[in-house]
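Structure file data36.cif with mmCIF, C-alpha atoms:
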```cif
data_target
#
loop_
_atom_site.label_atom_id
_atom_site.label_comp_id
_atom_site.auth_asym_id
_atom_site.auth_seq_id
_atom_site.Cartn_x
_atom_site.Cartn_y
_atom_site.Cartn_z
CA MET H 29 -71.46 23.94 18.94
CA VAL H 30 -69.00 21.54 17.34
CA PHE H 31 -68.95 17.77 17.88
CA ALA H 32 -65.22 17.75 18.57
CA PRO H 33 -62.55 17.18 19.74
CA ASP H 34 -62.12 13.43 19.50
CA ALA H 35 -60.84 11.99 22.79
CA ASP H 36 -60.44 8.43 21.53
CA VAL H 37 -57.08 6.72 21.95
CA THR H 38 -56.47 4.77 18.75
CA ILE H 39 -55.05 1.25 18.76
CA GLY H 40 -53.58 1.77 15.29
CA SER H 41 -54.36 0.09 12.00
CA ALA H 42 -56.88 -2.26 13.66
CA ASP H 43 -59.04 0.79 14.44
CA PRO H 44 -61.35 0.97 11.40
CA THR H 45 -63.24 4.21 11.94
CA ILE H 46 -61.60 6.73 14.29
CA GLY H 47 -58.20 6.77 12.57
CA SER H 48 -56.70 10.24 12.28
CA ARG H 49 -59.55 11.81 14.25
CA SER H 50 -57.60 10.53 17.25
CA ALA H 51 -54.53 12.50 18.32
CA GLY H 52 -52.56 9.27 18.72
CA ASP H 53 -52.09 6.03 20.61
CA GLY H 54 -50.76 7.57 23.84
CA PRO H 55 -53.46 8.37 26.42
CA ARG H 56 -51.57 11.32 27.90
CA ARG H 57 -50.79 12.82 24.49
CA VAL H 58 -54.44 12.53 23.47
CA ALA H 59 -55.52 14.08 26.78
CA ASP H 60 -53.24 17.08 26.28
CA GLN H 61 -54.53 17.63 22.74
CA VAL H 62 -58.17 17.31 23.79
CA VAL H 63 -57.85 19.81 26.62
CA ALA H 64 -56.00 22.27 24.36
CA ALA H 65 -58.56 21.92 21.56
CA SER H 66 -61.52 22.34 23.94
CA ARG H 67 -59.90 25.45 25.41
CA GLY H 68 -59.39 26.86 21.92
CA TYR H 69 -63.01 26.27 20.96
CA SER H 70 -64.18 27.89 24.19
CA GLU H 71 -61.99 30.95 23.69
CA ALA H 72 -63.44 31.30 20.17
CA GLY H 73 -66.99 31.21 21.54
CA ILE H 74 -67.78 27.67 20.37
CA VAL H 75 -69.21 24.90 22.58
CA SER H 76 -67.12 21.74 22.19
CA VAL H 77 -68.39 18.19 22.64
CA VAL H 78 -65.73 15.67 23.65
CA LYS H 79 -66.34 12.22 22.11
CA HIS H 80 -66.86 9.17 22.04
CA PHE H 81 -67.01 7.98 25.68
CA PRO H 82 -66.11 5.32 26.84
CA GLY H 83 -63.56 5.33 24.01
CA HIS H 84 -64.09 4.24 20.40
CA GLY H 85 -60.43 4.04 19.37
CA SER H 86 -59.81 0.61 20.88
CA VAL H 87 -62.63 -1.35 19.24
CA THR H 88 -62.10 -3.11 15.95
CA SER H 89 -65.42 -2.60 14.17
CA ASP H 90 -67.29 0.40 12.82
CA SER H 91 -70.44 1.59 14.62
CA HIS H 92 -71.79 2.98 11.34
CA VAL H 93 -72.32 -0.60 10.15
CA GLY H 94 -72.85 -2.58 13.38
CA LEU H 95 -72.43 -2.58 17.15
CA PRO H 96 -68.76 -2.76 18.20
CA VAL H 97 -67.96 -4.72 21.35
CA GLN H 98 -65.48 -3.43 23.92
CA PRO H 99 -64.18 -6.52 25.79
CA ALA H 100 -61.80 -4.67 28.15
CA THR H 101 -62.40 -4.40 31.87
CA VAL H 102 -63.26 -1.07 33.44
CA ALA H 103 -59.90 -1.14 35.22
CA ALA H 104 -58.09 -1.43 31.89
CA LEU H 105 -60.20 1.34 30.37
CA ARG H 106 -59.40 3.63 33.30
CA ARG H 107 -55.70 3.24 32.52
CA ARG H 108 -56.12 3.99 28.82
CA ASP H 109 -59.39 5.04 27.17
CA PHE H 110 -60.76 7.07 30.09
CA VAL H 111 -57.59 9.17 30.51
CA PRO H 112 -58.46 11.89 27.95
CA PHE H 113 -62.06 12.07 29.17
CA ARG H 114 -60.92 12.41 32.78
CA ALA H 115 -58.64 15.26 31.75
CA ALA H 116 -61.41 16.95 29.76
CA VAL H 117 -63.85 16.72 32.67
CA ALA H 118 -61.25 18.15 35.04
CA ALA H 119 -60.67 21.02 32.61
CA GLY H 120 -64.41 21.84 32.54
CA THR H 121 -65.60 20.45 29.23
CA PRO H 122 -69.26 21.50 28.75
CA ALA H 123 -70.49 18.42 26.87
CA VAL H 124 -69.62 14.78 26.18
CA MET H 125 -70.85 12.46 23.43
CA ILE H 126 -71.42 8.81 24.35
CA GLY H 127 -70.50 6.35 21.61
CA HIS H 128 -72.27 3.36 20.09
CA LEU H 129 -70.22 0.52 21.56
CA ALA H 130 -71.24 -2.28 23.89
CA MET H 131 -69.14 -2.67 27.04
CA GLU H 132 -69.04 -6.43 27.50
CA GLN H 133 -67.90 -6.22 31.12
CA VAL H 134 -70.55 -3.65 32.13
CA ASP H 135 -73.76 -3.88 30.07
CA PRO H 136 -73.30 -6.48 27.31
CA GLY H 137 -75.09 -6.00 24.00
CA VAL H 138 -76.28 -2.46 24.74
CA PRO H 139 -74.87 0.64 23.00
CA ALA H 140 -73.18 2.79 25.64
CA ASP H 141 -75.37 5.82 24.88
CA LEU H 142 -78.44 3.72 25.71
CA SER H 143 -76.92 2.21 28.86
CA LYS H 144 -77.26 3.72 32.33
CA PRO H 145 -74.39 1.63 33.81
CA ASP H 146 -72.10 2.85 31.03
CA ILE H 147 -73.14 6.49 31.43
CA ASP H 148 -72.70 6.19 35.20
CA LEU H 149 -69.01 5.56 34.54
CA LEU H 150 -68.87 9.11 33.16
CA THR H 151 -71.13 10.87 35.66
CA THR H 152 -70.51 9.06 38.94
CA GLY H 153 -67.13 7.64 37.95
CA LEU H 154 -65.50 10.75 36.42
CA GLY H 155 -67.71 13.37 38.07
CA PHE H 156 -69.09 14.85 34.84
CA ASP H 157 -72.21 16.98 35.35
CA GLY H 158 -72.54 18.73 31.98
CA LEU H 159 -74.55 17.95 28.87
CA ILE H 160 -74.55 14.37 27.57
CA THR H 161 -75.46 13.60 23.96
CA THR H 162 -75.82 10.39 22.02
CA ASP H 163 -73.86 9.68 18.89
CA ALA H 164 -75.96 9.80 15.70
CA LEU H 165 -78.92 7.51 16.37
CA GLU H 166 -79.32 6.82 12.64
CA MET H 167 -76.24 4.56 12.69
CA ALA H 168 -76.57 0.80 12.31
CA ALA H 169 -75.16 0.13 15.80
CA VAL H 170 -78.53 1.40 17.06
CA THR H 171 -80.97 0.91 14.19
CA ASP H 172 -80.16 -2.81 13.83
CA ASP H 173 -81.87 -3.50 17.17
CA TYR H 174 -83.81 -0.38 18.17
CA SER H 175 -86.66 1.54 16.56
CA SER H 176 -86.36 5.34 16.72
CA ASP H 177 -88.99 5.63 19.47
CA ARG H 178 -87.44 2.90 21.60
CA ALA H 179 -83.90 4.29 21.15
CA ALA H 180 -84.99 7.80 22.16
CA VAL H 181 -86.78 6.67 25.31
CA THR H 182 -84.01 4.24 26.30
CA ALA H 183 -81.33 6.92 25.90
CA LEU H 184 -83.22 9.46 28.00
CA ARG H 185 -83.83 6.86 30.71
CA ALA H 186 -80.13 6.04 30.69
CA GLY H 187 -79.17 9.66 31.42
CA VAL H 188 -78.68 11.27 28.01
CA ASP H 189 -79.81 14.91 27.66
CA MET H 190 -79.71 15.38 23.89
CA LEU H 191 -80.71 12.94 21.15
CA LEU H 192 -78.59 13.35 18.04
CA MET H 193 -80.06 12.56 14.60
CA PRO H 194 -82.68 9.86 15.23
CA ALA H 195 -83.36 7.80 12.12
CA ASP H 196 -87.00 8.98 12.34
CA THR H 197 -87.30 12.20 14.32
CA ALA H 198 -91.11 12.22 14.33
CA ALA H 199 -91.20 8.65 15.66
CA ALA H 200 -88.65 9.52 18.35
CA TYR H 201 -90.76 12.50 19.43
CA GLU H 202 -93.97 10.49 19.55
CA GLY H 203 -92.20 7.71 21.44
CA ILE H 204 -91.16 10.16 24.14
CA ARG H 205 -94.73 11.53 24.36
CA ALA H 206 -96.16 8.02 24.66
CA ALA H 207 -93.62 7.00 27.31
CA LEU H 208 -94.44 10.13 29.34
CA ALA H 209 -98.13 9.37 29.05
CA ASP H 210 -97.86 5.76 30.23
CA GLY H 211 -95.29 6.54 32.94
CA SER H 212 -92.47 4.44 31.50
CA LEU H 213 -90.39 7.61 31.21
CA SER H 214 -90.49 10.01 34.14
CA ARG H 215 -91.30 13.67 33.64
CA SER H 216 -88.52 14.60 36.05
CA ARG H 217 -85.93 12.90 33.82
CA VAL H 218 -87.18 14.69 30.71
CA ARG H 219 -87.30 18.04 32.56
CA GLU H 220 -83.74 17.44 33.77
CA ALA H 221 -82.54 16.70 30.24
CA ALA H 222 -84.31 19.72 28.77
CA ALA H 223 -83.03 21.97 31.56
CA THR H 224 -79.45 20.83 30.93
CA VAL H 225 -79.70 21.70 27.24
CA ALA H 226 -81.42 25.02 27.99
CA ALA H 227 -78.89 25.92 30.69
CA LEU H 228 -76.00 25.44 28.29
CA MET H 229 -77.76 27.50 25.62
CA LEU H 230 -78.51 30.30 28.08
CA HIS H 231 -74.98 30.27 29.42
CA GLU H 232 -73.56 30.57 25.92
CA SER H 233 -76.07 33.26 24.91
CA HIS H 234 -74.49 35.54 27.52
CA ALA H 235 -71.00 34.87 26.23
CA ALA H 236 -69.39 37.04 23.60
CA GLY H 237 -70.16 34.54 20.85
CA PRO H 238 -67.76 33.42 18.13
CA LEU H 239 -64.99 35.91 17.51
CA ASP H 240 -65.13 37.52 14.06
CA ASP H 241 -61.65 36.26 13.22
CA SER H 242 -62.52 32.69 14.25
CA ILE H 243 -65.01 32.29 11.39
CA GLY H 244 -63.87 31.34 7.90
CA HIS H 245 -60.96 29.55 6.27
CA HIS H 246 -57.59 30.09 7.92
CA GLN H 247 -55.29 29.09 5.10
CA ARG H 248 -52.07 30.55 6.52
CA LEU H 249 -52.59 29.04 9.97
CA ALA H 250 -53.52 25.67 8.43
CA GLU H 251 -50.31 25.71 6.41
CA GLN H 252 -48.24 26.52 9.52
CA VAL H 253 -49.86 23.66 11.44
CA SER H 254 -49.22 21.23 8.58
CA ALA H 255 -45.61 22.38 8.32
CA HIS H 256 -44.97 21.86 12.03
CA ALA H 257 -46.69 18.45 12.04
CA LEU H 258 -45.11 17.02 8.89
CA THR H 259 -43.03 14.02 9.98
CA LEU H 260 -39.97 12.49 8.34
CA VAL H 261 -40.35 8.73 8.80
CA SER H 262 -37.35 7.74 6.70
CA GLY H 263 -34.79 9.54 4.58
CA PRO H 264 -32.15 12.28 4.98
CA CYS H 265 -32.87 14.81 7.70
CA SER H 266 -32.96 17.71 5.22
CA GLY H 267 -34.11 18.14 1.64
CA PRO H 268 -34.41 18.80 -1.14
CA TYR H 269 -35.99 15.40 -1.75
CA VAL H 270 -37.04 16.13 -5.35
CA GLY H 271 -35.42 17.51 -8.47
CA SER H 272 -36.74 20.28 -10.68
CA SER H 273 -39.58 18.09 -11.98
CA VAL H 274 -41.97 15.84 -10.08
CA ARG H 275 -44.43 13.12 -11.05
CA PRO H 276 -47.30 12.93 -8.52
CA ILE H 277 -49.22 9.66 -8.15
CA GLY H 278 -52.49 9.30 -6.26
CA PRO H 279 -56.19 10.25 -6.25
CA ALA H 280 -56.97 12.78 -8.98
CA ASP H 281 -58.25 15.48 -6.62
CA VAL H 282 -55.19 15.20 -4.38
CA VAL H 283 -52.83 15.21 -7.36
CA GLY H 284 -54.56 18.36 -8.58
CA ARG H 285 -53.96 20.17 -5.30
CA PHE H 286 -50.37 18.96 -5.15
CA THR H 287 -49.80 20.08 -8.73
CA ALA H 288 -51.06 23.59 -7.95
CA ALA H 289 -48.72 23.87 -4.95
CA ALA H 290 -45.74 22.42 -6.86
CA GLU H 291 -46.14 24.70 -9.86
CA ALA H 292 -46.55 27.74 -7.60
CA ALA H 293 -43.18 26.80 -6.07
CA GLY H 294 -41.54 26.64 -9.50
CA LEU H 295 -41.50 22.87 -9.96
CA SER H 296 -42.30 21.25 -13.27
CA VAL H 297 -45.06 18.62 -12.96
CA THR H 298 -44.90 15.77 -15.48
CA SER H 299 -46.75 12.55 -16.17
CA SER H 300 -43.50 10.67 -16.85
CA GLY H 301 -39.97 11.03 -15.59
CA GLY H 302 -39.02 13.36 -12.75
CA THR H 303 -39.08 12.48 -9.05
CA SER H 304 -42.04 10.22 -8.34
CA VAL H 305 -44.13 11.34 -5.34
CA SER H 306 -46.81 8.86 -4.26
CA LEU H 307 -49.64 10.42 -2.24
CA LEU H 308 -51.36 7.77 -0.12
CA ASP H 309 -54.80 8.29 1.38
CA TRP H 310 -56.36 6.18 4.14
CA GLY H 311 -56.31 2.46 3.31
CA ALA H 312 -54.14 2.84 0.19
CA ALA H 313 -52.33 -0.21 -1.14
CA ALA H 314 -48.57 -0.66 -0.82
CA THR H 315 -46.60 1.32 -3.36
CA THR H 316 -43.08 2.08 -4.56
CA ALA H 317 -41.85 5.57 -5.43
CA ASP H 318 -38.96 7.98 -4.86
CA VAL H 319 -41.00 9.73 -2.16
CA VAL H 320 -44.07 8.31 -0.41
CA VAL H 321 -46.38 10.58 1.57
CA SER H 322 -49.22 9.46 3.85
CA LEU H 323 -52.10 11.92 3.87
CA ASP H 324 -54.17 10.47 6.72
CA THR H 325 -52.95 7.87 9.20
CA PRO H 326 -49.26 7.01 8.76
CA TYR H 327 -49.71 3.22 8.92
CA VAL H 328 -49.75 2.95 5.13
CA LEU H 329 -46.06 3.91 5.13
CA ALA H 330 -45.06 0.58 6.69
CA ALA H 331 -45.62 -1.38 3.48
CA ALA H 332 -44.40 1.33 1.11
CA GLN H 333 -41.00 1.08 -0.58
CA ALA H 334 -39.24 4.44 -0.88
CA PRO H 335 -35.97 6.11 0.19
CA VAL H 336 -38.02 9.00 1.60
CA LYS H 337 -41.25 8.58 3.59
CA LEU H 338 -43.24 11.51 4.99
CA ALA H 339 -46.38 11.68 7.11
CA LEU H 340 -48.49 14.75 6.27
CA TYR H 341 -51.83 14.29 8.16
CA GLY H 342 -53.86 16.28 5.63
CA GLU H 343 -54.60 16.75 1.95
CA GLY H 344 -55.97 20.26 1.54
CA PRO H 345 -54.18 23.10 -0.31
CA PRO H 346 -52.40 24.41 2.84
CA ALA H 347 -51.07 20.91 3.60
CA MET H 348 -49.85 20.56 0.01
CA ARG H 349 -48.00 23.87 0.19
CA ALA H 350 -46.31 22.73 3.40
CA LEU H 351 -45.37 19.42 1.76
CA VAL H 352 -43.85 21.13 -1.28
CA ALA H 353 -41.79 23.39 1.01
CA VAL H 354 -40.30 20.28 2.63
CA LEU H 355 -39.78 18.45 -0.65
CA THR H 356 -37.86 21.41 -2.10
CA GLY H 357 -35.75 21.87 1.03
CA GLN H 358 -37.30 25.18 2.03
CA ARG H 359 -38.35 23.63 5.35
CA ASP H 360 -37.35 20.57 7.35
CA ALA H 361 -39.90 17.99 8.51
CA ARG H 362 -39.61 18.11 12.29
CA GLY H 363 -42.97 16.71 13.38
CA ARG H 364 -43.28 13.81 15.81
CA SER H 365 -45.15 10.63 15.01
CA PRO H 366 -48.38 10.37 17.01
CA VAL H 367 -48.27 6.56 17.00
CA SER H 368 -45.65 4.20 18.38
CA SER H 369 -45.81 1.79 15.42
CA VAL H 370 -44.47 4.47 13.04
CA SER H 371 -41.35 6.19 14.28
CA ALA H 372 -39.83 9.44 13.05
CA GLU H 373 -36.20 9.89 12.04
CA ARG H 374 -34.00 11.17 14.87
CA CYS H 375 -32.77 14.39 13.30
#
```

Could I get this file's structure written as C-alpha cells?
Amino acid sequence: MVFAPDADVTIGSADPTIGSRSAGDGPRRVADQVVAASRGYSEAGIVSVVKHFPGHGSVTSDSHVGLPVQPATVAALRRRDFVPFRAAVAAGTPAVMIGHLAMEQVDPGVPADLSKPDIDLLTTGLGFDGLITTDALEMAAVTDDYSSDRAAVTALRAGVDMLLMPADTAAAYEGIRAALADGSLSRSRVREAAATVAALMLHESHAAGPLDDSIGHHQRLAEQVSAHALTLVSGPCSGPYVGSSVRPIGPADVVGRFTAAAEAAGLSVTSSGGTSVSLLDWGAAATTADVVVSLDTPYVLAAAQAPVKLALYGEGPPAMRALVAVLTGQRDARGRSPVSSVSAERC
C-alpha cells in the first residue's frame, strides 16, 4: 500500500503544505494525473490511497501545526476540489484518505476525518464504498483538541475504517475497547470497519503482488520523466544556456548532485566565474543569476532575476542529469507548467 497519489488541487503559493505533491491548479489536469497514477500502482500490484479528501490544496494553513479551515461552500468544492476525487472513485480507487481540515459550511471546527457529515460527502455524495483512512492522527490538527482515545472512537463513529498513526496507539486501542464496552461505539460499526480492511487485504492477497521490475530505483525512467517535464519559463527556446564552465549556487546537497551530473557531461564546475546556475528549493529567497532553476514548486521563479528560468520539479540525480542535458543543449525543455501563475515559453 502507498499513501498516494495526491488528489489535491493547489491554489498556488498560498498553499503552505501540499505544494508540488499536487499535480497542479487545474481540477481536470489533477484528475487525469490521479487516475493515471492509481492505475499504474494497481498494475504494479500496489494498493493506492487517494488523498486528502475533501481537498487540502485550497486551504492556507498546515494541518501538521493546526487545524486548517475550509470556508468554501460544498457547491464550490464540487466544481474544484472534488473533481479529482470524483474521477478517482469512478475509476475504482480502492482507498481514500480523509484530511485534517474543518469544513466551515458543513461541520465547523471538526477535522474532516472525524466528521460524519464530511465523510458522507465522499460516500453518499460521490458513491465511494471502499476503504477510508484518516490522515496521521499524531498531527496537531487533531492532537490540539482530541486525546488519542477520543480521536480513534470519533473517527470510527464518523465512518473511517482505518486509523493511521495515533499519537498514542495503546490509548487509542483502549479507548475503542472502552467505547465498545459502554455502548458509545457500536460493534456493528467496528465489525464493518475491520471487514473493509480485511476484504481489501484478502483481495490483494489473491493478486499477483508487486511485479519484480516495479521494486527498486528506476534511475533511467526517473531521468526520462524529469526530461519530459522540465519547463522553460523564460529564455531562448533552445540551448545551450551555459558555457564550458558553470558555477552552481544553492543547498550543498543539491549542488553536490548537480556537480556530479555536470562533470559527467564534461562541464567544468567552478566556485567563481563561469555561468551561474542558481538552484532554488521550496521557499527560497529571490535571487539573481545567469540561469535560475526551481526544484520544487515553480512559484519561486516569479521573483528571480535571470535571462533563463527553468522549472525542474525534482532534485535527485536523475533530475540533475536531465537538467544538465537541457543546459548544454542536448535536449530542449518542452514541459508544460502545471500552474496558471507561471507560464511556459511558447516554443

TODO: For the structure provided, state which residues fall under the PyMOL selection byres ((chain H and resi 62) around 12), and present them as a ChimeraX atom specification.
DONE: /H:32-37,49-52,55-61,63-69,76-79,111-121,124

- [ ] May I have the residues within 8 Å of Thr325 in chain H as a count of residues only, using all atoms listed in the file and disregarding those fewer than 4 positions away in the same chain?
- [x] 5

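Among the candidate residues H:Val274, H:Ala180, H:Ile204, H:Ala353, the one lying nearest to Asp318 in chain H is H:Val274, with distances computed using all atoms listed in the file.
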
Find the spatial neighbours of range 85-98 of chain H, counting all atoms listed in the file, within a cut-off of 9 Å - ignore same-chain residues fewer than 2 positions away - and output them as a PDB file with C-alpha atoms, in the frame of the given file.
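Wrote it out as out-v4.pdb, contents follow:
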```
ATOM      1  CA  ALA H  35     -60.840  11.990  22.790  1.00  0.00           C
ATOM      2  CA  ASP H  36     -60.440   8.430  21.530  1.00  0.00           C
ATOM      3  CA  VAL H  37     -57.080   6.720  21.950  1.00  0.00           C
ATOM      4  CA  THR H  38     -56.470   4.770  18.750  1.00  0.00           C
ATOM      5  CA  ILE H  39     -55.050   1.250  18.760  1.00  0.00           C
ATOM      6  CA  GLY H  40     -53.580   1.770  15.290  1.00  0.00           C
ATOM      7  CA  ALA H  42     -56.880  -2.260  13.660  1.00  0.00           C
ATOM      8  CA  ASP H  43     -59.040   0.790  14.440  1.00  0.00           C
ATOM      9  CA  PRO H  44     -61.350   0.970  11.400  1.00  0.00           C
ATOM     10  CA  THR H  45     -63.240   4.210  11.940  1.00  0.00           C
ATOM     11  CA  ILE H  46     -61.600   6.730  14.290  1.00  0.00           C
ATOM     12  CA  GLY H  47     -58.200   6.770  12.570  1.00  0.00           C
ATOM     13  CA  SER H  50     -57.600  10.530  17.250  1.00  0.00           C
ATOM     14  CA  ASP H  53     -52.090   6.030  20.610  1.00  0.00           C
ATOM     15  CA  HIS H  80     -66.860   9.170  22.040  1.00  0.00           C
ATOM     16  CA  GLY H  83     -63.560   5.330  24.010  1.00  0.00           C
ATOM     17  CA  ALA H 100     -61.800  -4.670  28.150  1.00  0.00           C
ATOM     18  CA  THR H 101     -62.400  -4.400  31.870  1.00  0.00           C
ATOM     19  CA  ASP H 109     -59.390   5.040  27.170  1.00  0.00           C
ATOM     20  CA  GLY H 127     -70.500   6.350  21.610  1.00  0.00           C
ATOM     21  CA  HIS H 128     -72.270   3.360  20.090  1.00  0.00           C
ATOM     22  CA  LEU H 129     -70.220   0.520  21.560  1.00  0.00           C
ATOM     23  CA  ALA H 130     -71.240  -2.280  23.890  1.00  0.00           C
ATOM     24  CA  MET H 131     -69.140  -2.670  27.040  1.00  0.00           C
ATOM     25  CA  GLU H 132     -69.040  -6.430  27.500  1.00  0.00           C
ATOM     26  CA  GLN H 133     -67.900  -6.220  31.120  1.00  0.00           C
ATOM     27  CA  PRO H 136     -73.300  -6.480  27.310  1.00  0.00           C
ATOM     28  CA  GLY H 137     -75.090  -6.000  24.000  1.00  0.00           C
ATOM     29  CA  VAL H 138     -76.280  -2.460  24.740  1.00  0.00           C
ATOM     30  CA  PRO H 139     -74.870   0.640  23.000  1.00  0.00           C
ATOM     31  CA  GLU H 166     -79.320   6.820  12.640  1.00  0.00           C
ATOM     32  CA  MET H 167     -76.240   4.560  12.690  1.00  0.00           C
ATOM     33  CA  ALA H 168     -76.570   0.800  12.310  1.00  0.00           C
ATOM     34  CA  ALA H 169     -75.160   0.130  15.800  1.00  0.00           C
ATOM     35  CA  VAL H 170     -78.530   1.400  17.060  1.00  0.00           C
ATOM     36  CA  THR H 171     -80.970   0.910  14.190  1.00  0.00           C
ATOM     37  CA  ASP H 172     -80.160  -2.810  13.830  1.00  0.00           C
TER      38      ASP H 172
END
```

Open item on the list: Rounded to one decimal, what separation in Å do you get between CA of Val270 in chain H and CA of Thr303 in chain H?
Closed with: 5.6 Å

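Nearest residue to Leu258 in chain H among H:Leu149, H:Val218, H:Met193, H:Val321 is H:Val321, counting all atoms listed in the file.
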
Task: Local residues around (-60.6, 23.6, 5.1), at most 9 Å away, using all atoms listed in the file, as a ChimeraX atom specification - done: /H:244-247,250,344-346

- [ ] Can you pull out every residue within 12 Å of Gly187 in chain H, counting only C-alpha atoms, but drop anything in the same chain fewer than 2 positions away, and send it as a ChimeraX atom specification?
- [x] /H:125-126,140-152,156-162,180-185,189-191,213-214,216-222,224
